[in-house]
file final-v9.cif (mmCIF, C-alpha atoms)
data_final
loop_
_atom_site.label_atom_id
_atom_site.label_comp_id
_atom_site.auth_asym_id
_atom_site.auth_seq_id
_atom_site.Cartn_x
_atom_site.Cartn_y
_atom_site.Cartn_z
CA MET A 900 3.49 76.27 -0.94
CA GLY A 901 4.28 78.67 1.86
CA VAL A 902 6.26 81.94 1.33
CA ALA A 903 7.86 84.54 3.62
CA ALA A 904 9.18 88.16 3.21
CA ALA A 905 12.64 89.06 4.37
CA GLY A 906 14.78 92.26 4.50
CA PHE A 907 11.97 94.78 5.10
CA ASP A 908 13.01 98.21 6.59
CA LYS A 909 11.04 100.01 9.21
CA ASP A 910 9.01 102.11 6.73
CA PHE A 911 7.81 98.90 4.99
CA LYS A 912 6.31 97.35 8.08
CA GLY A 913 3.12 99.31 7.58
CA CYS A 914 2.75 97.61 4.18
CA GLY A 915 0.85 94.79 5.80
CA VAL A 916 0.56 90.99 5.43
CA TRP A 917 2.63 88.26 3.86
CA CYS A 918 1.97 87.98 0.12
CA ASP A 919 2.58 85.23 -2.39
CA LYS A 920 4.37 85.95 -5.60
CA ALA A 921 1.23 85.88 -7.81
CA ALA A 922 -0.42 88.61 -5.68
CA LEU A 923 2.65 90.77 -5.47
CA ASN A 924 1.08 93.79 -7.26
CA ASN A 925 -2.11 93.69 -5.23
CA CYS A 926 -0.07 93.42 -2.11
CA TYR A 927 1.59 96.80 -2.35
CA GLN A 928 -1.43 98.53 -3.94
CA ASN A 929 -3.83 97.41 -1.27
CA ASN A 930 -1.44 98.41 1.45
CA LYS A 931 -0.45 101.64 -0.28
CA CYS A 932 3.24 100.77 -0.30
CA ALA A 933 5.54 102.34 -2.82
CA ALA A 934 6.15 100.10 -5.79
CA ASN A 935 9.88 100.61 -5.68
CA GLN A 936 9.94 99.70 -2.01
CA LEU A 937 8.16 96.36 -2.57
CA LEU A 938 10.22 95.37 -5.59
CA GLU A 939 13.45 96.13 -3.86
CA GLU A 940 12.62 94.84 -0.43
CA PHE A 941 10.21 91.82 -1.03
CA ILE A 942 11.96 88.46 -1.33
CA ILE A 943 9.96 85.16 -1.77
CA GLU A 944 11.13 82.16 0.23
CA THR A 945 9.66 78.57 0.60
CA VAL A 946 8.36 77.35 3.99
CA GLY A 947 8.65 73.61 4.97
CA GLU A 948 5.42 71.60 4.61
CA CYS A 949 4.43 68.03 5.70
CA GLY A 950 3.86 65.44 2.98
CA PRO A 951 1.14 62.75 2.52
CA ALA A 952 2.79 60.45 5.08
CA ASN A 953 1.78 62.87 7.83
CA ASN A 954 -0.95 61.42 10.05
CA TYR A 955 -1.02 58.19 7.96
CA THR A 956 -0.92 54.69 9.45
CA PHE A 957 1.03 52.21 7.32
CA PRO A 958 0.13 48.51 7.15
CA TYR A 959 2.16 46.29 9.47
CA ASP A 960 3.94 44.63 6.55
CA ALA A 961 5.00 47.91 4.86
CA THR A 962 8.77 48.36 4.70
CA GLY A 963 9.24 52.08 4.01
CA TYR A 964 7.83 55.36 2.70
CA THR A 965 6.40 55.21 -0.82
CA PHE A 966 5.95 57.49 -3.82
CA SER A 967 2.42 58.23 -2.72
CA ARG A 968 3.21 58.45 1.00
CA TYR A 969 6.32 60.59 1.46
CA GLN A 970 7.41 62.81 4.38
CA CYS A 971 7.71 66.42 3.07
CA GLU A 972 5.77 68.30 0.44
CA ASP A 973 8.36 71.08 0.74
CA GLY A 974 11.61 71.05 2.59
CA THR A 975 13.78 68.33 4.04
CA SER A 976 12.75 65.85 6.73
CA SER A 977 14.58 66.00 10.02
CA ASN A 978 14.03 62.21 10.54
CA SER A 979 13.87 59.71 7.71
CA LYS A 980 13.36 56.66 9.93
CA PHE A 981 10.37 54.45 9.06
CA PRO A 982 8.21 53.49 12.05
CA ALA A 983 8.52 49.98 13.47
CA GLN A 984 5.46 47.75 13.71
CA GLY A 985 3.16 49.28 16.31
CA GLY A 986 5.39 52.41 16.50
CA THR A 987 5.30 56.11 15.50
CA GLU A 988 7.92 58.43 14.00
CA SER A 989 7.90 62.29 14.02
CA TRP A 990 9.82 64.82 11.93
CA VAL A 991 9.91 68.48 10.79
CA CYS A 992 10.16 69.60 7.16
CA SER A 993 12.74 72.42 7.03
CA ALA A 994 13.10 75.05 4.27
CA ALA A 995 14.78 78.45 3.82
CA GLY A 996 11.50 80.22 4.53
CA GLY A 997 10.95 78.34 7.77
CA ASP A 998 10.10 74.95 9.23
CA SER A 999 6.79 73.13 9.12
CA SER A 1000 4.96 72.12 12.20
CA THR A 1001 5.75 68.65 13.52
CA CYS A 1002 4.73 65.81 11.15
CA SER A 1003 4.20 62.20 12.23
CA THR A 1004 3.24 58.76 10.92
CA SER A 1005 2.64 55.33 12.43
CA ARG A 1006 2.61 51.62 11.45
CA GLU A 1007 0.18 48.91 12.44
CA SER A 1008 1.23 46.24 14.88
CA ALA A 1009 1.83 42.82 13.35
CA PRO A 1010 -0.98 40.41 14.22
CA VAL A 1011 -0.29 37.95 16.98
CA GLY A 1012 -0.06 34.34 15.77
CA SER A 1013 -3.43 32.67 15.49
CA CYS A 1014 -4.56 29.09 14.84
CA GLY A 1015 -5.94 28.15 11.44
CA PRO A 1016 -8.98 26.03 10.52
CA ALA A 1017 -7.10 22.78 11.25
CA ASN A 1018 -7.23 23.61 14.96
CA GLY A 1019 -9.70 21.29 16.67
CA TYR A 1020 -10.42 19.39 13.45
CA LYS A 1021 -10.40 15.58 13.19
CA PHE A 1022 -9.19 14.51 9.74
CA PRO A 1023 -10.53 11.35 8.04
CA TYR A 1024 -8.19 8.37 8.46
CA ASP A 1025 -7.22 8.34 4.76
CA THR A 1026 -6.23 12.03 4.60
CA PRO A 1027 -2.49 12.30 3.81
CA GLY A 1028 -1.84 15.84 5.13
CA TYR A 1029 -3.11 19.36 5.86
CA THR A 1030 -5.22 20.85 3.06
CA PRO A 1031 -5.91 24.33 1.62
CA THR A 1032 -9.17 24.29 3.57
CA TYR A 1033 -7.75 22.98 6.84
CA TYR A 1034 -4.37 24.64 7.42
CA GLN A 1035 -2.45 25.17 10.64
CA CYS A 1036 -2.03 28.96 11.11
CA GLU A 1037 -4.23 31.89 10.20
CA ASP A 1038 -1.36 34.21 11.16
CA GLY A 1039 2.23 33.29 11.85
CA ALA A 1040 4.31 30.18 11.30
CA SER A 1041 3.64 26.75 12.77
CA SER A 1042 6.09 25.32 15.28
CA ASN A 1043 5.27 21.74 14.18
CA ARG A 1044 4.47 20.68 10.61
CA SER A 1045 3.85 17.00 11.42
CA PHE A 1046 0.51 15.58 10.31
CA PRO A 1047 -1.20 13.35 12.91
CA ALA A 1048 -0.97 9.59 12.45
CA GLN A 1049 -4.15 7.54 12.52
CA GLY A 1050 -5.71 7.67 15.96
CA GLU A 1051 -3.18 10.32 17.08
CA THR A 1052 -3.09 14.09 17.77
CA GLU A 1053 -0.49 16.74 16.86
CA THR A 1054 -0.09 20.14 18.60
CA TRP A 1055 1.65 23.35 17.48
CA VAL A 1056 1.92 27.09 18.15
CA CYS A 1057 1.55 29.86 15.51
CA SER A 1058 4.17 32.57 16.03
CA THR A 1059 4.78 36.09 14.65
CA SER A 1060 7.15 38.88 15.67
CA SER A 1061 4.35 40.29 17.80
CA GLY A 1062 3.65 37.10 19.70
CA SER A 1063 2.44 33.52 19.55
CA SER A 1064 -0.96 31.93 19.57
CA SER A 1065 -2.19 29.61 22.23
CA THR A 1066 -1.62 25.89 21.55
CA CYS A 1067 -3.40 24.57 18.45
CA SER A 1068 -4.12 20.88 17.78
CA ALA A 1069 -5.57 18.51 15.20
CA SER A 1070 -6.30 14.78 15.23
CA ARG A 1071 -6.90 12.00 12.72
CA GLU A 1072 -9.44 9.18 12.80
CA GLN A 1073 -8.30 5.63 13.41
CA GLY A 1074 -8.47 3.59 10.18
CA PRO A 1075 -10.40 0.32 10.06
CA ALA A 1076 -8.52 -2.81 11.12
CA GLY A 1077 -8.10 -5.74 8.77
CA THR A 1078 -10.92 -8.30 8.77
CA CYS A 1079 -11.13 -11.84 7.38
CA GLY A 1080 -13.09 -12.42 4.18
CA THR A 1081 -15.59 -15.07 3.09
CA ALA A 1082 -12.85 -17.68 2.56
CA ASN A 1083 -12.12 -17.76 6.30
CA GLY A 1084 -13.24 -21.04 7.88
CA LYS A 1085 -14.27 -22.58 4.57
CA ASN A 1086 -13.48 -26.21 3.68
CA TYR A 1087 -13.02 -26.42 -0.09
CA ASP A 1088 -13.71 -29.51 -2.18
CA TYR A 1089 -10.82 -31.59 -3.38
CA ASN A 1090 -11.27 -30.57 -7.03
CA GLU A 1091 -11.33 -26.81 -6.29
CA THR A 1092 -8.07 -25.08 -7.15
CA GLY A 1093 -8.66 -21.50 -6.02
CA TYR A 1094 -10.75 -19.20 -3.82
CA GLY A 1095 -13.05 -18.30 -6.72
CA SER A 1096 -15.54 -15.61 -5.72
CA ASP A 1097 -14.52 -15.85 -2.06
CA THR A 1098 -12.25 -13.18 -0.62
CA GLN A 1099 -9.48 -13.74 1.86
CA CYS A 1100 -9.94 -10.27 3.39
CA SER A 1101 -13.00 -8.04 3.69
CA THR A 1102 -10.75 -5.22 4.84
CA GLY A 1103 -7.00 -4.97 4.30
CA ARG A 1104 -4.50 -7.03 2.32
CA THR A 1105 -3.80 -10.73 2.78
CA SER A 1106 -0.44 -11.87 4.09
CA ASN A 1107 -0.60 -15.16 2.17
CA THR A 1108 -2.30 -15.78 -1.18
CA ASN A 1109 -1.69 -19.56 -1.29
CA PHE A 1110 -4.64 -21.91 -1.78
CA PRO A 1111 -4.63 -25.04 0.43
CA SER A 1112 -3.44 -28.33 -1.03
CA PRO A 1113 -5.72 -31.38 -0.65
CA GLY A 1114 -5.99 -32.35 2.99
CA GLU A 1115 -4.12 -29.19 4.07
CA GLN A 1116 -4.89 -25.86 5.77
CA VAL A 1117 -3.65 -22.39 4.82
CA SER A 1118 -3.55 -19.51 7.31
CA TRP A 1119 -3.21 -15.76 6.76
CA TYR A 1120 -4.03 -12.41 8.34
CA CYS A 1121 -5.37 -9.21 6.79
CA LYS A 1122 -3.08 -6.19 7.01
CA ALA A 1123 -4.60 -2.69 7.27
CA GLU A 1124 -3.53 0.75 8.46
CA GLY A 1125 -5.80 0.43 11.47
CA GLY A 1126 -4.25 -2.88 12.52
CA ASN A 1127 -4.09 -6.51 11.47
CA SER A 1128 -6.95 -8.97 11.67
CA PRO A 1129 -6.88 -12.14 13.78
CA THR A 1130 -5.61 -15.23 11.98
CA CYS A 1131 -7.83 -16.40 9.09
CA SER A 1132 -7.71 -19.92 7.61
CA ALA A 1133 -9.21 -22.25 5.01
CA THR A 1134 -8.89 -25.99 4.39
CA ARG A 1135 -9.31 -28.32 1.44
CA VAL A 1136 -10.72 -31.85 1.42
CA GLY A 1137 -8.07 -34.51 0.88
CA GLY A 1138 -8.32 -37.35 -1.65
CA ILE A 1139 -10.65 -40.21 -0.68
CA CYS A 1140 -8.97 -43.54 -1.30
CA GLY A 1141 -11.32 -46.01 -2.95
CA ASP A 1142 -13.44 -43.55 -4.93
CA GLY A 1143 -11.82 -44.64 -8.18
CA ILE A 1144 -10.32 -41.14 -8.77
CA VAL A 1145 -6.56 -40.79 -8.61
CA GLN A 1146 -5.90 -37.60 -6.67
CA GLU A 1147 -2.72 -35.73 -5.79
CA SER A 1148 -2.07 -37.69 -2.61
CA GLU A 1149 -2.68 -41.08 -4.29
CA GLU A 1150 -0.57 -43.27 -6.56
CA CYS A 1151 -3.55 -45.27 -7.81
CA ASP A 1152 -7.18 -45.80 -6.83
CA ASP A 1153 -9.36 -48.77 -7.81
CA GLY A 1154 -10.99 -49.53 -4.50
CA ASP A 1155 -9.70 -53.11 -4.14
CA ASP A 1156 -6.78 -55.10 -2.79
CA CYS A 1157 -3.64 -55.26 -4.90
CA VAL A 1158 -2.89 -58.94 -4.21
CA ALA A 1159 -6.46 -60.17 -4.52
CA SER A 1160 -7.04 -58.30 -7.77
CA GLY A 1161 -3.56 -58.81 -9.11
CA ASP A 1162 -3.45 -55.23 -10.51
CA PHE A 1163 -0.77 -54.04 -8.01
CA CYS A 1164 -2.97 -51.09 -6.80
CA CYS A 1165 -3.38 -51.67 -3.10
CA ALA A 1166 -6.22 -50.75 -0.76
CA ASP A 1167 -4.28 -47.71 0.56
CA CYS A 1168 -4.09 -46.33 -3.03
CA THR A 1169 -0.37 -46.98 -3.42
CA TRP A 1170 1.35 -49.23 -5.90
CA GLN A 1171 2.45 -52.60 -4.56
CA THR A 1172 6.21 -52.86 -4.09
CA PHE A 1173 7.82 -56.29 -4.52
CA SER A 1174 10.76 -57.03 -2.29
CA SER A 1175 10.78 -60.84 -2.87
CA THR A 1176 8.77 -63.54 -4.57
CA SER A 1177 7.26 -64.37 -1.19
CA ASP A 1178 5.09 -61.26 -1.65
CA PHE A 1179 2.80 -63.45 -3.76
CA SER A 1180 0.34 -65.99 -2.39
CA ASP A 1181 1.17 -69.64 -2.63
CA GLU A 1182 -1.21 -70.10 -5.52
CA SER A 1183 0.75 -67.47 -7.43
CA ASP A 1184 3.86 -69.61 -7.44
CA THR A 1185 2.63 -71.31 -10.58
CA LEU A 1186 1.80 -69.73 -13.89
CA GLU A 1187 -1.79 -70.92 -13.60
CA GLY A 1188 -2.05 -69.47 -10.12
CA TYR A 1189 -0.61 -66.19 -11.30
CA LYS A 1190 -3.10 -66.17 -14.16
CA THR A 1191 -5.93 -66.78 -11.75
CA ASN A 1192 -4.93 -63.74 -9.59
CA THR A 1193 -4.35 -61.38 -12.47
CA THR A 1194 -6.91 -59.56 -14.57
CA PRO A 1195 -8.06 -60.70 -17.03
CA GLU A 1196 -8.69 -64.26 -16.03
CA ASN A 1197 -7.93 -66.03 -19.27
CA ASP A 1198 -8.69 -69.64 -20.13
CA SER A 1199 -5.67 -70.03 -22.39
CA LEU A 1200 -2.04 -69.07 -22.25
CA ASP A 1201 -2.32 -67.46 -25.67
CA ASP A 1202 -5.09 -65.12 -24.49
CA TYR A 1203 -3.10 -64.15 -21.43
CA ASP A 1204 0.03 -63.58 -23.48
CA THR A 1205 -1.95 -61.31 -25.79
CA TYR A 1206 -3.13 -59.28 -22.78
CA LEU A 1207 0.41 -58.87 -21.49
CA ASN A 1208 1.69 -57.93 -24.93
CA ASP A 1209 -0.85 -55.08 -24.89
CA THR A 1210 0.91 -53.82 -21.77
CA LEU A 1211 4.34 -54.24 -23.40
CA VAL A 1212 5.26 -57.22 -21.24
CA ASN A 1213 5.43 -60.85 -22.43
CA VAL A 1214 4.19 -63.56 -20.13
CA GLY A 1215 7.41 -65.47 -20.48
CA ASP A 1216 9.31 -62.40 -19.30
CA VAL A 1217 6.96 -61.82 -16.38
CA TYR A 1218 7.02 -65.23 -14.84
CA GLY A 1219 9.39 -67.57 -16.67
CA LEU A 1220 9.89 -70.68 -14.56
CA ALA A 1221 13.52 -70.83 -15.58
CA LYS A 1222 14.25 -67.39 -14.13
CA THR A 1223 15.71 -66.69 -10.71
CA ASP A 1224 13.68 -65.05 -7.97
CA SER A 1225 15.46 -61.72 -8.46
CA GLU A 1226 14.78 -61.82 -12.16
CA LYS A 1227 11.11 -62.62 -11.53
CA LEU A 1228 10.97 -59.75 -9.03
CA ALA A 1229 12.44 -57.31 -11.52
CA ASP A 1230 10.00 -58.43 -14.19
CA LEU A 1231 7.02 -58.01 -11.87
CA ASN A 1232 8.07 -54.51 -10.84
CA ASN A 1233 8.54 -53.65 -14.49
CA TYR A 1234 5.08 -54.99 -15.22
CA LYS A 1235 3.68 -52.80 -12.46
CA ASN A 1236 5.34 -49.73 -13.95
CA ASN A 1237 4.01 -50.57 -17.40
CA LEU A 1238 0.51 -50.87 -16.02
CA GLU A 1239 0.84 -47.45 -14.39
CA THR A 1240 2.08 -45.93 -17.64
CA LEU A 1241 -0.79 -47.53 -19.54
CA ARG A 1242 -3.28 -46.19 -17.03
CA ASN A 1243 -1.92 -42.65 -17.39
CA GLU A 1244 -2.17 -42.93 -21.16
CA VAL A 1245 -5.80 -44.03 -20.87
CA ASP A 1246 -6.53 -41.07 -18.58
CA THR A 1247 -4.94 -38.69 -21.08
CA LEU A 1248 -6.91 -40.20 -23.94
CA SER A 1249 -10.11 -39.89 -21.93
CA ASN A 1250 -9.44 -36.21 -21.26
CA ASP A 1251 -8.75 -35.60 -24.96
CA ILE A 1252 -12.01 -37.28 -25.91
CA THR A 1253 -13.92 -35.19 -23.38
CA THR A 1254 -12.35 -31.99 -24.69
CA THR A 1255 -13.17 -32.91 -28.29
CA VAL A 1256 -16.79 -33.70 -27.44
CA ASN A 1257 -17.16 -30.41 -25.58
CA ASN A 1258 -15.72 -28.49 -28.50
CA ILE A 1259 -18.16 -30.16 -30.89
CA LEU A 1260 -21.11 -29.42 -28.61
CA ASN A 1261 -20.05 -25.79 -28.19
CA ASN A 1262 -19.94 -25.29 -31.96
CA TYR A 1263 -23.56 -26.29 -32.38
#
call {"tool": "encode", "arguments": {"input": "final-v9.cif", "output": "structure tokens"}}
result
Amino acid sequence: MGVAAAGFDKDFKGCGVWCDKAALNNCYQNNKCAANQLLEEFIIETVGECGPANNYTFPYDATGYTFSRYQCEDGTSSNSKFPAQGGTESWVCSAAGGDSSTCSTSRESAPVGSCGPANGYKFPYDTPGYTPTYYQCEDGASSNRSFPAQGETETWVCSTSSGSSSTCSASREQGPAGTCGTANGKNYDYNETGYGSDTQCSTGRTSNTNFPSPGEQVSWYCKAEGGNSPTCSATRVGGICGDGIVQESEECDDGDDCVASGDFCCADCTWQTFSSTSDFSDESDTLEGYKTNTTPENDSLDDYDTYLNDTLVNVGDVYGLAKTDSEKLADLNNYKNNLETLRNEVDTLSNDITTTVNNILNNY
């Protein structure tokens, strides 16, 4: 704290130097001044003094003087303005005993915008955005927050109040394009019903999950972020007429001629359709002829009638001589349908037997 003496008369000038209050007695004794003179004439007054803010440089992001960095230790500041970034402010601390010398403080300049670690970096194709490790700006704010698309580049500038960075940029790898899988180009067997261990796409997602029907082809492409594959396809073997196996595209399959065998299953694996009695050969115009061209070939009418009864049709109803042609035609078509029903029932029974046998074998 600074002090000053005021109101001295001429005789007191020889008393000497300025004194602080604590050394008041020594002051007049050492200078041989009369005690009554000093007590009456010596007045203590405070002198202005700079505070801790003097000669201090504040950080660029500081917003004002603080409790630890104030302007005046004693007295009142002549200028309370806080320095701008990169600027300086001066002031004088004034008190009754006198003013301080000039005090001053400054503030750092804000950093100019600068690119962050993302600048010049190529992100993996499956990265969804900027990361804590690879960000856009070290200092300042980005002018463009967009993340680059696959195979593309994004640019931006980092700006602060003190200036902007040069142009920054980042890119992203191109993702893999879709590619056909192991099912592409494969010809599946008739009895296969799915792709099994084969894949439609090695890379990407298929556009069509359907499995080809017998004798058909299915096409698809593989969709991926890096682009779609060329067209992929697979086929499936159609039914072979004459192999004795009724397949989806066949009505029946016994490998022989429907008229010659008399079982109504024709060589093209379709059921024979009767439009008139002329569809039969001449030898079929008689009951004996019809018997001869129909399985089984029985030696007696009773045996043949028993066979037809097993198929729910009586021989008299199939080919009664007293019936009209249209009635005979209807009976024959009905007989054909009954044979087809019987065949389906036999197939079902065969499957049941196979399943039962397999179950028995599996339990041993």
call {"tool": "resolve_selection", "arguments": {"input": "final-v9.cif", "expression": "the PyMOL selection byres ((chain A and resi 1024) around 12)", "output": "MDAnalysis selection string"}}
result
chainID A and resid 1021:1023 1025:1028 1046:1051 1070:1076 1123:1125
call {"tool": "resolve_selection", "arguments": {"input": "final-v9.cif", "expression": "the PyMOL selection byres ((chain A and resi 1122) around 9)", "output": "ChimeraX atom specification"}}
result
/A:1076-1078,1100,1102-1106,1120-1121,1123-1128
call {"tool": "closest_residue", "arguments": {"input": "final-v9.cif", "among": "A:Ser1065, A:Ser1058, A:Ser1045, A:Asn1107", "to": "Cys1131 (chain A)", "atoms": "all atoms listed in the file"}}
result
A:Asn1107
call {"tool": "atom_distance", "arguments": {"input": "final-v9.cif", "atom1": "CA of Thr1240 (chain A)", "atom2": "CA of Glu1149 (chain A)"}}
result
15.0 Å
call {"tool": "atom_distance", "arguments": {"input": "final-v9.cif", "atom1": "CA of Gln970 (chain A)", "atom2": "CA of Ser1008 (chain A)"}}
result
20.6 Å
call {"tool": "closest_residue", "arguments": {"input": "final-v9.cif", "among": "A:Ser1132, A:Thr1169, A:Ser1064, A:Asn1086", "to": "Gly1015 (chain A)", "atoms": "all atoms listed in the file"}}
result
A:Ser1064
call {"tool": "residues_around", "arguments": {"input": "final-v9.cif", "residues": "Tyr1033 (chain A)", "least_positions_apart": "3", "cutoff": "9 Å", "atoms": "only C-alpha atoms", "output": "list in words"}}
result
Gly1015, Pro1016, Ala1017, Asn1018, Tyr1020, Tyr1029 and Thr1030 of chain A
call {"tool": "atom_distance", "arguments": {"input": "final-v9.cif", "atom1": "CA of Ser1041 (chain A)", "atom2": "CA of Ala983 (chain A)"}}
result
23.7 Å
call {"tool": "closest_residue", "arguments": {"input": "final-v9.cif", "among": "A:Ala1133, A:Phe1110, A:Leu1241, A:Ser1003", "to": "Lys980 (chain A)", "atoms": "all atoms listed in the file"}}
result
A:Ser1003
call {"tool": "closest_residue", "arguments": {"input": "final-v9.cif", "among": "A:Gly1141, A:Gly950, A:Gly986, A:Gly1114", "to": "Arg968 (chain A)", "atoms": "only C-alpha atoms"}}
result
A:Gly950
call {"tool": "axis_aligned_box", "arguments": {"input": "final-v9.cif", "around": "region 1249-1255 of chain A", "padding_each_side": "8 Å", "output": "lines of an AutoDock Vina configuration file"}}
result
center_x = -11.3
center_y = -35.9
center_z = -24.8
size_x = 21.2
size_y = 23.9
size_z = 23.0
call {"tool": "resolve_selection", "arguments": {"input": "final-v9.cif", "expression": "the PyMOL selection byres ((chain A and resi 1036) around 12)", "output": "MDAnalysis selection string"}}
result
chainID A and resid 1010:1018 1029:1035 1037:1044 1054:1059 1063:1069
call {"tool": "residues_around", "arguments": {"input": "final-v9.cif", "residues": "Ile1139 (chain A)", "least_positions_apart": "2", "cutoff": "12 Å", "atoms": "all atoms listed in the file", "output": "PyMOL selection string"}}
result
chain A and resi 1088-1090+1113-1114+1136-1137+1141-1149+1151-1154+1166-1168
call {"tool": "closest_residue", "arguments": {"input": "final-v9.cif", "among": "A:Arg1006, A:Gly1095, A:Ser999, A:Glu1115", "to": "Phe981 (chain A)", "atoms": "all atoms listed in the file"}}
result
A:Arg1006
call {"tool": "decode", "arguments": {"input": "final-v9.cif", "residues": "region 1007-1045 of chain A", "atoms": "C-alpha atoms", "output": "mmCIF file, in the first residue's frame"}}
result
data_model
loop_
_atom_site.group_PDB
_atom_site.id
_atom_site.type_symbol
_atom_site.label_atom_id
_atom_site.label_comp_id
_atom_site.auth_asym_id
_atom_site.auth_seq_id
_atom_site.Cartn_x
_atom_site.Cartn_y
_atom_site.Cartn_z
ATOM 1 C CA GLU A 1007 -4.688 -14.215 -26.728
ATOM 2 C CA SER A 1008 -5.897 -14.301 -30.299
ATOM 3 C CA ALA A 1009 -8.427 -17.016 -31.073
ATOM 4 C CA PRO A 1010 -6.870 -19.819 -33.099
ATOM 5 C CA VAL A 1011 -7.568 -19.812 -36.799
ATOM 6 C CA GLY A 1012 -9.775 -22.714 -37.929
ATOM 7 C CA SER A 1013 -7.812 -25.874 -38.576
ATOM 8 C CA CYS A 1014 -8.690 -29.249 -40.105
ATOM 9 C CA GLY A 1015 -9.146 -32.268 -37.859
ATOM 10 C CA PRO A 1016 -7.885 -35.847 -38.259
ATOM 11 C CA ALA A 1017 -10.629 -36.663 -40.800
ATOM 12 C CA ASN A 1018 -8.859 -34.432 -43.327
ATOM 13 C CA GLY A 1019 -7.251 -36.597 -45.996
ATOM 14 C CA TYR A 1020 -8.607 -39.806 -44.470
ATOM 15 C CA LYS A 1021 -10.402 -42.512 -46.478
ATOM 16 C CA PHE A 1022 -13.072 -44.186 -44.347
ATOM 17 C CA PRO A 1023 -13.950 -47.888 -44.766
ATOM 18 C CA TYR A 1024 -17.053 -48.402 -46.918
ATOM 19 C CA ASP A 1025 -19.160 -49.622 -43.969
ATOM 20 C CA THR A 1026 -18.410 -46.623 -41.715
ATOM 21 C CA PRO A 1027 -21.648 -44.710 -41.022
ATOM 22 C CA GLY A 1028 -20.168 -41.318 -40.042
ATOM 23 C CA TYR A 1029 -17.312 -39.290 -38.543
ATOM 24 C CA THR A 1030 -15.880 -40.770 -35.343
ATOM 25 C CA PRO A 1031 -14.276 -39.465 -32.117
ATOM 26 C CA THR A 1032 -10.917 -40.400 -33.629
ATOM 27 C CA TYR A 1033 -11.538 -38.966 -37.089
ATOM 28 C CA TYR A 1034 -13.398 -35.666 -36.690
ATOM 29 C CA GLN A 1035 -13.623 -32.711 -39.048
ATOM 30 C CA CYS A 1036 -12.136 -29.676 -37.230
ATOM 31 C CA GLU A 1037 -9.334 -29.337 -34.718
ATOM 32 C CA ASP A 1038 -10.356 -25.699 -34.231
ATOM 33 C CA GLY A 1039 -13.490 -23.982 -35.433
ATOM 34 C CA ALA A 1040 -16.776 -25.188 -36.863
ATOM 35 C CA SER A 1041 -17.224 -27.218 -40.042
ATOM 36 C CA SER A 1042 -19.010 -25.638 -42.985
ATOM 37 C CA ASN A 1043 -20.294 -29.050 -44.148
ATOM 38 C CA ARG A 1044 -21.342 -31.901 -41.852
ATOM 39 C CA SER A 1045 -22.172 -34.381 -44.642
#
